[in-house]
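**Q** Got a file for you: structure_35.txt, compact mmCIF, C-alpha atoms.
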# COMPACT_ATOMS: atom_id res chain seq x y z
CA MET M 1 -14.42 -5.57 -20.26
CA LYS M 2 -15.03 -1.87 -19.82
CA ARG M 3 -14.33 -0.73 -16.29
CA ALA M 4 -16.98 1.19 -14.46
CA ARG M 5 -16.39 4.23 -12.33
CA LEU M 6 -16.33 3.08 -8.75
CA PRO M 7 -19.06 4.97 -6.85
CA LEU M 8 -17.95 3.83 -3.51
CA LEU M 9 -20.91 3.12 -1.34
CA ALA M 10 -23.19 5.69 0.21
CA VAL M 11 -22.25 9.04 1.69
CA PHE M 12 -22.73 8.68 5.37
CA PRO M 13 -24.66 10.95 7.69
CA VAL M 14 -23.63 14.46 8.61
CA VAL M 15 -23.40 13.46 12.22
CA VAL M 16 -20.76 10.92 11.31
CA ILE M 17 -18.79 13.46 9.33
CA SER M 18 -18.85 15.69 12.36
CA SER M 19 -17.45 12.96 14.52
CA VAL M 20 -14.69 12.27 12.05
CA VAL M 21 -13.71 15.89 11.88
CA ALA M 22 -13.57 15.90 15.65
CA VAL M 23 -11.12 13.06 15.87
CA PRO M 24 -8.26 14.72 17.65
CA PHE M 25 -5.31 13.17 16.10
CA VAL M 26 -6.39 13.77 12.68
CA VAL M 27 -5.70 11.28 10.28
CA GLY M 28 -3.58 9.77 8.08
CA ASP M 29 -1.76 9.53 5.18
CA HIS M 30 -0.12 6.57 5.27
CA PRO M 31 3.01 6.02 6.46
CA LEU M 32 1.53 7.45 8.11
CA ARG M 33 -0.35 10.33 7.60
CA TRP M 34 -2.32 12.36 9.86
CA GLU M 35 -4.77 14.35 7.94
CA SER M 36 -4.14 17.90 7.14
CA GLY M 37 -3.04 19.69 10.20
CA SER M 38 -1.56 16.85 12.13
CA VAL M 39 1.54 14.86 12.63
CA ILE M 40 2.58 14.05 9.15
CA PRO M 41 4.38 11.07 7.94
CA ARG M 42 7.99 11.01 7.42
CA LEU M 43 7.64 9.03 4.48
CA VAL M 44 7.52 10.28 1.78
CA LEU M 45 10.77 9.77 2.31
CA ASN M 46 12.74 11.35 1.15
CA GLY M 47 14.47 8.12 -16.34
CA ASP M 48 13.99 5.80 -18.34
CA ASP M 49 12.43 3.60 -20.67
CA GLY M 50 10.92 0.52 -19.16
CA GLY M 51 10.84 -1.30 -22.43
CA SER M 52 7.79 -1.76 -24.57
CA SER M 53 4.75 -3.84 -23.90
CA THR M 54 4.87 -7.43 -25.01
CA GLY M 55 1.24 -7.90 -25.82
CA SER M 56 -1.44 -8.91 -23.35
CA PRO M 57 -0.25 -11.90 -21.31
CA GLU M 58 -2.47 -13.27 -18.57
CA HIS M 59 -2.19 -11.24 -15.38
CA ASP M 60 -3.30 -13.93 -12.97
CA GLY M 61 -0.49 -13.82 -10.45
CA THR M 62 1.42 -16.77 -11.86
CA THR M 63 5.18 -16.78 -12.12
CA ALA M 64 6.47 -14.54 -14.88
CA SER M 65 7.99 -16.23 -17.86
CA GLY M 66 8.58 -13.10 -19.91
CA GLY M 67 11.66 -10.94 -19.98
CA SER M 68 14.95 -12.75 -19.50
CA PRO M 69 14.54 -14.51 -16.16
CA GLY M 70 17.77 -16.37 -15.83
CA ALA M 71 19.89 -13.60 -17.26
CA THR M 72 19.53 -11.11 -14.42
CA THR M 73 18.74 -13.17 -11.36
CA GLY M 74 21.72 -15.46 -11.66
CA THR M 75 21.70 -18.92 -10.11
CA ALA M 76 20.46 -17.90 -6.67
CA LYS M 77 17.06 -19.33 -5.91
CA VAL M 78 14.23 -18.10 -3.73
CA ASP M 79 11.72 -20.11 -1.73
CA LYS M 80 8.30 -20.67 -3.25
CA VAL M 81 4.91 -19.71 -1.83
CA ASP M 82 2.68 -22.45 -0.42
CA LYS M 83 0.05 -21.80 -3.06
CA GLU M 84 0.15 -19.18 -5.78
CA TRP M 85 -2.63 -16.60 -5.80
CA LYS M 86 -5.49 -17.05 -8.24
CA LYS M 87 -8.55 -14.87 -8.83
CA GLY M 88 -11.01 -15.19 -6.00
CA MET M 89 -8.39 -16.07 -3.40
CA PRO M 90 -7.45 -13.61 -0.63
CA GLN M 91 -4.39 -11.44 -1.15
CA TRP M 92 -2.17 -12.02 1.87
CA GLY M 93 0.75 -9.66 1.59
CA ALA M 94 2.93 -6.78 2.71
CA GLN M 95 3.99 -3.40 1.39
CA VAL M 96 7.71 -3.26 0.61
CA TYR M 97 8.74 0.40 0.60
CA TRP M 98 11.72 1.02 -1.66
CA GLU M 99 13.74 4.22 -1.65
CA ASP M 100 16.38 3.30 -4.16
CA ASN M 101 20.00 4.34 -3.84
CA PRO M 102 21.61 4.71 -7.28
CA ASP M 103 24.96 3.82 -5.68
CA HIS M 104 23.64 0.37 -4.84
CA SER M 105 24.61 -2.19 -7.42
CA LEU M 106 22.08 -4.31 -9.25
CA LYS M 107 23.57 -7.29 -7.42
CA TYR M 108 22.68 -5.65 -4.11
CA VAL M 109 19.13 -4.87 -5.29
CA GLU M 110 18.60 -8.46 -6.35
CA LYS M 111 20.03 -9.75 -3.06
CA GLN M 112 17.58 -7.61 -1.09
CA ALA M 113 14.68 -8.71 -3.27
CA ARG M 114 15.50 -12.36 -2.64
CA LEU M 115 15.83 -11.69 1.08
CA HIS M 116 12.34 -10.15 1.20
CA ALA M 117 10.85 -12.82 -1.04
CA ASP M 118 12.12 -15.55 1.29
CA TYR M 119 10.85 -13.66 4.33
CA LEU M 120 7.37 -13.23 2.84
CA VAL M 121 7.21 -16.88 1.85
CA GLY M 122 8.15 -17.74 5.44
CA LEU M 123 5.12 -15.73 6.61
CA HIS M 124 2.94 -17.75 4.17
CA ALA M 125 2.20 -14.64 2.10
CA ASN M 126 1.05 -14.99 -1.50
CA SER M 127 1.30 -11.30 -2.49
CA VAL M 128 3.60 -8.30 -2.33
CA SER M 129 3.18 -4.63 -3.23
CA VAL M 130 6.25 -2.63 -4.22
CA THR M 131 5.79 1.01 -3.21
CA PHE M 132 8.34 3.63 -4.27
CA PRO M 133 8.49 7.45 -4.20
CA PHE M 134 8.09 10.03 -6.91
CA TYR M 135 8.36 13.77 -6.42
CA THR M 136 6.68 17.10 -7.00
CA GLY M 137 7.30 20.73 -6.07
CA ASN M 138 4.99 22.58 -3.70
CA ARG M 139 1.26 21.98 -3.39
CA SER M 140 0.49 24.03 -6.53
CA SER M 141 3.18 22.43 -8.68
CA THR M 142 2.19 20.91 -12.03
CA LYS M 143 5.38 18.88 -12.39
CA ILE M 144 5.84 15.22 -11.45
CA ALA M 145 9.41 13.95 -11.44
CA HIS M 146 11.81 11.16 -10.61
CA GLY M 147 14.19 11.66 -7.72
CA ASP M 148 17.40 9.99 -6.59
CA LYS M 149 15.30 7.56 -4.54
CA THR M 150 12.95 6.64 -7.37
CA PRO M 151 14.00 3.26 -8.79
CA THR M 152 14.36 3.13 -12.55
CA PRO M 153 11.85 0.98 -14.44
CA GLU M 154 14.70 -1.38 -15.30
CA ARG M 155 15.66 -1.95 -11.66
CA LEU M 156 12.01 -2.33 -10.71
CA GLY M 157 11.73 -5.04 -13.36
CA HIS M 158 14.51 -7.05 -11.72
CA VAL M 159 12.76 -6.89 -8.36
CA LEU M 160 9.40 -7.92 -9.82
CA ARG M 161 11.05 -10.83 -11.59
CA ILE M 162 12.54 -12.15 -8.36
CA PHE M 163 9.23 -11.84 -6.53
CA HIS M 164 7.59 -13.75 -9.36
CA GLU M 165 10.20 -16.49 -9.04
CA ALA M 166 8.87 -16.94 -5.51
CA GLY M 167 5.33 -17.23 -6.87
CA LEU M 168 4.19 -13.95 -5.32
CA ARG M 169 1.35 -11.88 -6.78
CA THR M 170 2.84 -8.43 -7.50
CA THR M 171 1.48 -4.90 -7.29
CA VAL M 172 3.33 -1.79 -8.53
CA ARG M 173 2.53 1.28 -6.44
CA PRO M 174 4.15 4.70 -7.04
CA LEU M 175 3.61 7.05 -4.07
CA MET M 176 3.99 10.84 -4.02
CA ASP M 177 6.71 11.90 -1.60
CA GLU M 178 5.60 14.74 0.69
CA LYS M 179 8.80 16.41 1.80
CA SER M 180 8.31 19.37 -0.52
CA LEU M 181 4.66 19.92 0.41
CA ASP M 182 5.22 21.89 3.62
CA PRO M 183 4.09 19.27 6.10
CA PRO M 184 2.18 18.92 8.29
CA THR M 185 -0.35 21.28 6.68
CA GLY M 186 0.52 20.10 3.20
CA TRP M 187 0.31 16.48 2.14
CA ARG M 188 -0.45 14.51 -1.00
CA GLY M 189 -4.15 14.54 -0.17
CA ASN M 190 -4.55 18.33 -0.45
CA ILE M 191 -2.38 19.31 -3.42
CA LYS M 192 -3.86 22.00 -5.68
CA PRO M 193 -2.01 22.05 -9.01
CA ALA M 194 -2.07 25.44 -10.69
CA GLY M 195 -3.01 23.75 -13.96
CA ARG M 196 -4.62 20.33 -13.97
CA ASP M 197 -4.02 19.71 -17.66
CA ALA M 198 -0.30 20.14 -17.09
CA TRP M 199 -0.31 18.07 -13.89
CA PHE M 200 -2.02 15.08 -15.49
CA ALA M 201 0.20 15.30 -18.57
CA SER M 202 3.31 15.28 -16.38
CA TYR M 203 1.97 12.43 -14.25
CA GLN M 204 1.15 10.35 -17.32
CA LYS M 205 4.66 10.88 -18.70
CA PHE M 206 6.12 9.69 -15.40
CA LEU M 207 3.89 6.61 -15.16
CA THR M 208 4.29 5.37 -18.73
CA PRO M 209 7.63 3.49 -18.40
CA TYR M 210 6.47 1.92 -15.11
CA LEU M 211 3.27 0.71 -16.71
CA LYS M 212 5.36 -0.83 -19.48
CA VAL M 213 7.62 -2.71 -17.09
CA ALA M 214 4.63 -3.81 -15.01
CA GLU M 215 3.20 -5.29 -18.21
CA SER M 216 6.41 -6.94 -19.38
CA GLU M 217 6.98 -8.47 -15.92
CA LYS M 218 3.33 -9.53 -15.61
CA ALA M 219 2.44 -7.63 -12.47
CA THR M 220 -1.13 -8.30 -11.46
CA THR M 221 -2.05 -4.78 -10.29
CA PHE M 222 -0.87 -1.24 -10.97
CA VAL M 223 -1.99 1.40 -8.48
CA ILE M 224 -2.60 4.53 -10.56
CA GLY M 225 -2.79 6.84 -7.52
CA THR M 226 -2.65 6.76 -3.73
CA GLU M 227 -4.27 9.09 -1.19
CA LEU M 228 -4.77 11.92 -3.68
CA ASN M 229 -7.97 13.10 -1.98
CA SER M 230 -8.12 16.51 -3.63
CA MET M 231 -7.70 15.00 -7.11
CA GLU M 232 -10.31 12.26 -6.82
CA GLY M 233 -13.22 12.49 -9.22
CA ASP M 234 -11.39 14.74 -11.70
CA ALA M 235 -12.46 14.04 -15.29
CA HIS M 236 -8.79 13.85 -16.35
CA TRP M 237 -8.54 10.43 -14.71
CA ASP M 238 -10.69 8.90 -17.47
CA GLY M 239 -8.14 9.67 -20.15
CA LEU M 240 -5.17 8.79 -17.96
CA VAL M 241 -6.65 5.40 -17.01
CA ASP M 242 -7.68 4.70 -20.62
CA ASP M 243 -4.10 5.27 -21.72
CA ALA M 244 -2.77 3.17 -18.82
CA GLU M 245 -4.96 0.27 -19.86
CA LYS M 246 -3.51 0.38 -23.37
CA LEU M 247 -0.06 -0.25 -21.86
CA PHE M 248 -0.96 -2.54 -18.97
CA GLY M 249 -3.31 -5.49 -19.24
CA GLY M 250 -3.68 -6.19 -15.53
CA GLU M 251 -5.84 -4.61 -12.86
CA VAL M 252 -5.68 -0.82 -12.57
CA ALA M 253 -6.42 0.23 -8.99
CA TYR M 254 -6.62 3.31 -6.79
CA ASP M 255 -5.81 3.39 -3.06
CA SER M 256 -7.96 5.77 -1.01
CA ASN M 257 -7.01 7.25 2.33
CA TRP M 258 -9.35 5.98 5.04
CA ASP M 259 -10.84 9.38 5.84
CA ALA M 260 -11.90 9.91 2.21
CA TYR M 261 -13.38 6.43 2.13
CA VAL M 262 -15.61 6.91 5.16
CA GLN M 263 -16.63 10.50 4.43
CA GLY M 264 -18.05 10.05 0.98
CA PRO M 265 -18.04 8.22 -2.32
CA VAL M 266 -14.63 7.76 -3.91
CA THR M 267 -15.33 8.00 -7.63
CA MET M 268 -12.41 6.82 -9.74
CA PRO M 269 -12.48 5.08 -13.17
CA VAL M 270 -10.53 2.01 -12.03
CA ASN M 271 -11.01 -1.73 -11.72
CA HIS M 272 -10.42 -1.94 -7.99
CA LEU M 273 -10.29 0.15 -4.82
CA GLY M 274 -7.85 -0.26 -1.97
CA ILE M 275 -8.01 1.50 1.39
CA ASP M 276 -5.06 2.74 3.40
CA ALA M 277 -6.84 1.69 6.56
CA TYR M 278 -5.81 3.40 9.78
CA PHE M 279 -9.18 3.52 11.53
CA PRO M 280 -8.74 4.77 15.12
CA VAL M 281 -10.29 2.76 17.92
CA GLU M 282 -10.73 4.09 21.44
CA ALA M 283 -9.38 1.24 23.51
CA ASP M 284 -6.97 0.59 26.36
CA ASP M 285 -3.64 -1.05 25.67
CA ASP M 286 -4.93 -4.31 27.15
CA ALA M 287 -8.10 -4.32 25.04
CA SER M 288 -9.21 -7.69 23.70
CA VAL M 289 -9.10 -8.62 20.03
CA ASP M 290 -12.91 -8.71 20.09
CA THR M 291 -13.02 -5.07 21.23
CA LEU M 292 -10.73 -4.03 18.38
CA VAL M 293 -12.80 -5.96 15.85
CA LYS M 294 -15.96 -4.19 17.02
CA GLY M 295 -14.20 -0.83 16.67
CA TRP M 296 -13.29 -1.57 13.07
CA GLN M 297 -16.76 -2.87 12.25
CA LYS M 298 -18.32 0.38 13.47
CA TRP M 299 -16.18 2.36 11.05
CA LEU M 300 -16.95 0.09 8.11
CA ASP M 301 -20.68 0.04 8.88
CA ARG M 302 -20.78 3.79 8.34
CA LYS M 303 -20.36 3.08 4.64
CA ALA M 304 -21.99 -0.32 4.21
CA THR M 305 -22.87 -3.38 6.22
CA GLY M 306 -22.18 -6.92 5.14
CA PRO M 307 -19.50 -8.30 2.80
CA LEU M 308 -17.03 -5.98 1.05
CA PRO M 309 -15.57 -8.30 -1.61
CA LYS M 310 -14.38 -5.44 -3.84
CA ILE M 311 -12.31 -3.80 -1.11
CA THR M 312 -8.66 -4.56 -0.32
CA LEU M 313 -6.85 -3.17 2.70
CA ALA M 314 -3.93 -1.79 0.72
CA GLU M 315 -2.26 -0.70 3.95
CA ALA M 316 -2.95 -1.78 7.49
CA GLY M 317 -0.64 -1.50 10.45
CA ILE M 318 -0.04 0.04 13.85
CA GLY M 319 2.81 0.99 16.13
CA ALA M 320 4.03 -1.62 18.60
CA MET M 321 3.63 0.77 21.51
CA ASN M 322 1.30 1.94 24.23
CA GLY M 323 -1.51 4.29 23.20
CA ALA M 324 -1.42 3.26 19.53
CA TYR M 325 -5.07 2.24 19.09
CA ASP M 326 -6.20 5.88 19.10
CA ALA M 327 -3.80 6.74 16.27
CA PRO M 328 -2.74 3.58 14.42
CA GLY M 329 -0.94 5.39 11.60
CA ASP M 330 1.19 7.64 13.80
CA PHE M 331 4.66 7.28 12.34
CA TYR M 332 6.57 9.73 14.50
CA THR M 333 5.55 9.14 18.08
CA LYS M 334 7.70 6.74 20.07
CA ARG M 335 6.01 5.75 23.29
CA THR M 336 6.89 2.68 25.36
CA VAL M 337 7.26 -0.37 23.15
CA ASN M 338 4.41 -2.85 23.57
CA PRO M 339 4.56 -5.72 21.03
CA GLN M 340 1.21 -7.15 22.18
CA VAL M 341 -0.61 -4.01 21.04
CA GLN M 342 0.60 -4.54 17.50
CA ALA M 343 0.01 -8.30 17.51
CA ASN M 344 -3.58 -7.94 18.76
CA TRP M 345 -4.31 -5.29 16.12
CA TYR M 346 -3.05 -7.54 13.33
CA THR M 347 -5.17 -10.41 14.63
CA ALA M 348 -8.24 -8.18 14.80
CA VAL M 349 -7.75 -6.70 11.31
CA CYS M 350 -7.36 -10.16 9.82
CA GLN M 351 -10.59 -11.23 11.51
CA VAL M 352 -12.36 -8.22 9.97
CA VAL M 353 -11.02 -9.11 6.51
CA ARG M 354 -12.45 -12.60 6.86
CA GLU M 355 -15.78 -11.56 8.38
CA ARG M 356 -16.38 -8.89 5.72
CA LYS M 357 -15.14 -11.16 2.93
CA MET M 358 -12.61 -8.59 1.73
CA SER M 359 -10.07 -9.17 -1.02
CA GLY M 360 -7.16 -9.23 1.40
CA VAL M 361 -4.67 -7.13 3.35
CA TYR M 362 -1.16 -5.74 2.87
CA TRP M 363 0.69 -4.92 6.10
CA TRP M 364 2.64 -1.68 6.31
CA SER M 365 5.53 -2.17 5.95
CA ILE M 366 8.97 -3.55 5.24
CA TYR M 367 11.75 -1.22 4.12
CA PHE M 368 13.67 -2.54 1.16
CA ASP M 369 17.12 -1.87 2.61
CA ASP M 370 16.31 -3.50 5.96
CA ASN M 371 16.95 -7.11 6.91
CA PRO M 372 13.49 -8.38 7.91
CA ASN M 373 15.01 -11.22 9.91
CA THR M 374 16.54 -8.90 12.50
CA LYS M 375 14.88 -7.26 15.48
CA PRO M 376 13.87 -3.62 14.84
CA ASP M 377 16.02 -0.94 16.39
CA ASP M 378 13.30 0.90 18.31
CA LYS M 379 15.60 3.85 18.95
CA LYS M 380 15.84 4.56 15.23
CA GLN M 381 13.08 2.75 13.38
CA SER M 382 9.37 3.34 13.29
CA ARG M 383 7.21 1.57 15.82
CA LEU M 384 5.08 0.49 12.85
CA ASP M 385 7.80 -1.86 11.62
CA PHE M 386 6.62 -5.42 12.14
CA ALA M 387 9.44 -7.53 10.71
CA GLY M 388 11.50 -9.05 13.51
CA ARG M 389 8.69 -8.77 16.08
CA PRO M 390 7.88 -12.42 16.98
CA LYS M 391 4.36 -11.80 18.34
CA THR M 392 3.30 -9.86 15.26
CA GLU M 393 4.88 -12.38 12.92
CA LYS M 394 2.99 -15.14 14.70
CA ALA M 395 -0.25 -13.19 14.19
CA ILE M 396 0.54 -12.72 10.48
CA LYS M 397 1.25 -16.40 9.98
CA ALA M 398 -1.99 -17.34 11.72
CA CYS M 399 -3.83 -14.92 9.43
CA PHE M 400 -2.18 -16.10 6.23
CA THR M 401 -2.75 -19.78 7.05
CA SER M 402 -6.38 -19.33 8.11
CA ASP M 403 -9.17 -21.20 6.34
CA TYR M 404 -10.48 -18.06 4.63
CA ALA M 405 -10.96 -19.02 0.99
CA GLY M 406 -11.36 -15.45 -0.26
CA PRO M 407 -14.19 -13.35 -1.69
CA GLY M 408 -14.51 -15.36 -4.87
CA ASN M 409 -14.49 -13.79 -8.32
CA ALA M 410 -16.93 -11.10 -7.17
CA ALA M 411 -13.78 -9.18 -6.25
CA SER M 412 -13.27 -8.41 -9.92
CA PRO M 413 -16.06 -6.23 -11.37
Would you give me this structure, written as structure tokens?
**A**
Amino acid sequence: MKRARLPLLAVFPVVVISSVVAVPFVVGDHPLRWESGSVIPRLVLNGDDGGSSTGSPEHDGTTASGGSPGATTGTAKVDKVDKEWKKGMPQWGAQVYWEDNPDHSLKYVEKQARLHADYLVGLHANSVSVTFPFYTGNRSSTKIAHGDKTPTPERLGHVLRIFHEAGLRTTVRPLMDEKSLDPPTGWRGNIKPAGRDAWFASYQKFLTPYLKVAESEKATTFVIGTELNSMEGDAHWDGLVDDAEKLFGGEVAYDSNWDAYVQGPVTMPVNHLGIDAYFPVEADDDASVDTLVKGWQKWLDRKATGPLPKITLAEAGIGAMNGAYDAPGDFYTKRTVNPQVQANWYTAVCQVVRERKMSGVYWWSIYFDDNPNTKPDDKKQSRLDFAGRPKTEKAIKACFTSDYAGPGNAASP
């Protein structure tokens, strides 16, 4: 069916906008972005034909049968999810952030994919989103390009295939790296290409082989853009999305940064909207889960009250440290480790997803080259890492095994 432009809920009052602008830590890009003028994320961490489309297979999250499954994954097996995702069910997942290393063999890539698939199955997840970087020049650049850390479409296909073997619903999510954008004042949300025709043409050329491999490997969702605040609503998106839908038969989505979501309508010609949700809550480190839930509900109520079945929390997370509730997406700061802060936040966010009948949540994040079964090295790694933190993992398992049946098919317009 023809997609409709997503108006996203009502613009909220000027007084609210004022309060948002006043938020001291300024926001965030995801991994963790603080809005323009704040502590920016590291992330953004710093070609190729993906094969042609194979028609329009069902994109319902079931295990892929296309491609050449046995040929590339060998005889190694992965664990299977408790119950494969179907339309109307909640998406319980995690973001796997992959900065590829071309020196890594395909055997290594497949080994890591199996490791993460088994870990996610152990958490009772049914979904996974594969996020990877692409690159640009400065904020006015019109060129989009691969980099050494951008996986090729072929290697991405191998990873998707292994996740499908585990029965996981898959999302493909390219993310603009920010290292060249003069952070912290420059970030992906305030780029100003000198020529938008050229920018969109370059972006489309970059996306095409990834859309093809997403189709051939039966990914369920392709995220056409993430946190591109300054580009939202541009008429060029109509043509780009139209062309994407000719290559990819699944759900085409856009992931909005939380500040853009609460400050006004996010109008994008896509099937589904995700939110990179780092809503700050003023609360002490020993705050109850109920207090955190109320803080989240206040933010969401500024856009709409009641169920939000068409919204997915594309990213949610927080640092396992003191003082994190005021700035949940702060990637850089390393205060005293406090695992309970992170565990309580995860419990609260999951409760919000259920109460507002959302489509689901993806926790940020797991790094592809890490071993998720080992304890994080808090001297080197981000406090936002959750793998290997027993209290947070317990909270995730409780969330993913809850009795929430999902938003129903209303999640798909």
**Q** Set out as a Markdown table a contact list for segment 84-154 of chain M and segment 171-186 of chain M with a cut-off of 12 Å, giving each residue of segment 84-154 of chain M that qualifies its closest atom pair and distance in Å to one decimal, counting only C-alpha atoms, ordered by chain and rising residue number.
**A**
| residue | atom | partner | partner_atom | distance |
| --- | --- | --- | --- | --- |
| M:Gln91 | CA | M:Thr171 | CA | 10.7 |
| M:Gly93 | CA | M:Thr171 | CA | 10.1 |
| M:Ala94 | CA | M:Thr171 | CA | 10.3 |
| M:Gln95 | CA | M:Thr171 | CA | 9.2 |
| M:Val96 | CA | M:Arg173 | CA | 9.9 |
| M:Tyr97 | CA | M:Arg173 | CA | 9.4 |
| M:Trp98 | CA | M:Pro174 | CA | 10.0 |
| M:Glu99 | CA | M:Asp177 | CA | 10.4 |
| M:Asn126 | CA | M:Thr171 | CA | 11.6 |
| M:Ser127 | CA | M:Thr171 | CA | 8.0 |
| M:Val128 | CA | M:Thr171 | CA | 6.4 |
| M:Ser129 | CA | M:Thr171 | CA | 4.4 |
| M:Val130 | CA | M:Val172 | CA | 5.3 |
| M:Thr131 | CA | M:Arg173 | CA | 4.6 |
| M:Phe132 | CA | M:Pro174 | CA | 5.1 |
| M:Pro133 | CA | M:Leu175 | CA | 4.9 |
| M:Phe134 | CA | M:Met176 | CA | 5.1 |
| M:Tyr135 | CA | M:Asp177 | CA | 5.4 |
| M:Thr136 | CA | M:Ser180 | CA | 7.1 |
| M:Gly137 | CA | M:Ser180 | CA | 5.8 |
| M:Asn138 | CA | M:Leu181 | CA | 4.9 |
| M:Arg139 | CA | M:Leu181 | CA | 5.5 |
| M:Ser140 | CA | M:Leu181 | CA | 9.1 |
| M:Ser141 | CA | M:Leu181 | CA | 9.5 |
| M:Lys143 | CA | M:Met176 | CA | 11.7 |
| M:Ile144 | CA | M:Met176 | CA | 8.8 |
| M:Ala145 | CA | M:Met176 | CA | 9.7 |
| M:His146 | CA | M:Met176 | CA | 10.2 |
| M:Gly147 | CA | M:Asp177 | CA | 9.7 |
| M:Asp148 | CA | M:Asp177 | CA | 12.0 |
| M:Lys149 | CA | M:Asp177 | CA | 10.1 |
| M:Thr150 | CA | M:Pro174 | CA | 9.0 |
| M:Pro151 | CA | M:Pro174 | CA | 10.1 |
| M:Thr152 | CA | M:Pro174 | CA | 11.7 |
| M:Pro153 | CA | M:Val172 | CA | 10.7 |
**Q** What is the atom CA of Val270 of chain M-atom CA of Asp330 of chain M distance in Å, reported with one decimal?
**A** 28.9 Å
**Q** The residues within 8 Å of (9.3, -5.1, -16.0), using only C-alpha atoms and the coordinates of the file, should be reported as a list in words; which are they?
**A** Gly50, Gly51, Gly67, Pro153, Glu154, Leu156, Gly157, His158, Leu160, Arg161, Tyr210, Lys212, Val213, Ala214, Glu215, Ser216, Glu217 and Lys218 of chain M
**Q** Closest to Leu168 of chain M among M:Ala194, M:Ile318, M:Leu211, M:Ala219, using all atoms listed in the file?
**A**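 Going through M:Ala194, M:Ile318, M:Leu211, M:Ala219 one by one, the smallest distance to Leu168 of chain M is for M:Ala219.
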**Q** What is the atom CA of Tyr278 of chain M-atom CA of Ala316 of chain M distance in Å, reported with one decimal?
**A**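 That distance, rounded to one decimal, is 6.3 Å.
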**Q** Could you check which of M:Val78, M:Val109, M:Ala348, M:Ala314 is closest to Ala395 of chain M, using only C-alpha atoms?
**A** M:Ala348
**Q** Looking at only C-alpha atoms, which of M:Ala327, M:Val361, M:Cys399, M:Ala287 is the one that sits closest to Gln340 of chain M?
**A**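 Closest candidate: M:Ala287.
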**Q** Excluding same-chain residues fewer than 4 positions from Gly167 of chain M, what lies within 10 Å of it counting all atoms listed in the file, as a ChimeraX atom specification?
**A** /M:61-64,78-85,117,121,125-127,161-163
**Q** What does the structure give for the distance between atom CA of Pro193 of chain M and atom CA of Thr221 of chain M, in Å to one decimal?
**A**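 Calculated distance between atom CA of Pro193 of chain M and atom CA of Thr221 of chain M is 26.9 Å.
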**Q** Taking (10.8, -9.3, 17.0) as a centre in this file's frame and 7 Å as the limit, can you find every polymer residue with an atom that close, using all atoms listed in the file, and give them as a list in words?
**A**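 Final list of nearby residues, as requested, is Lys375, Pro376, Ala387, Gly388, Arg389 and Pro390 of chain M.
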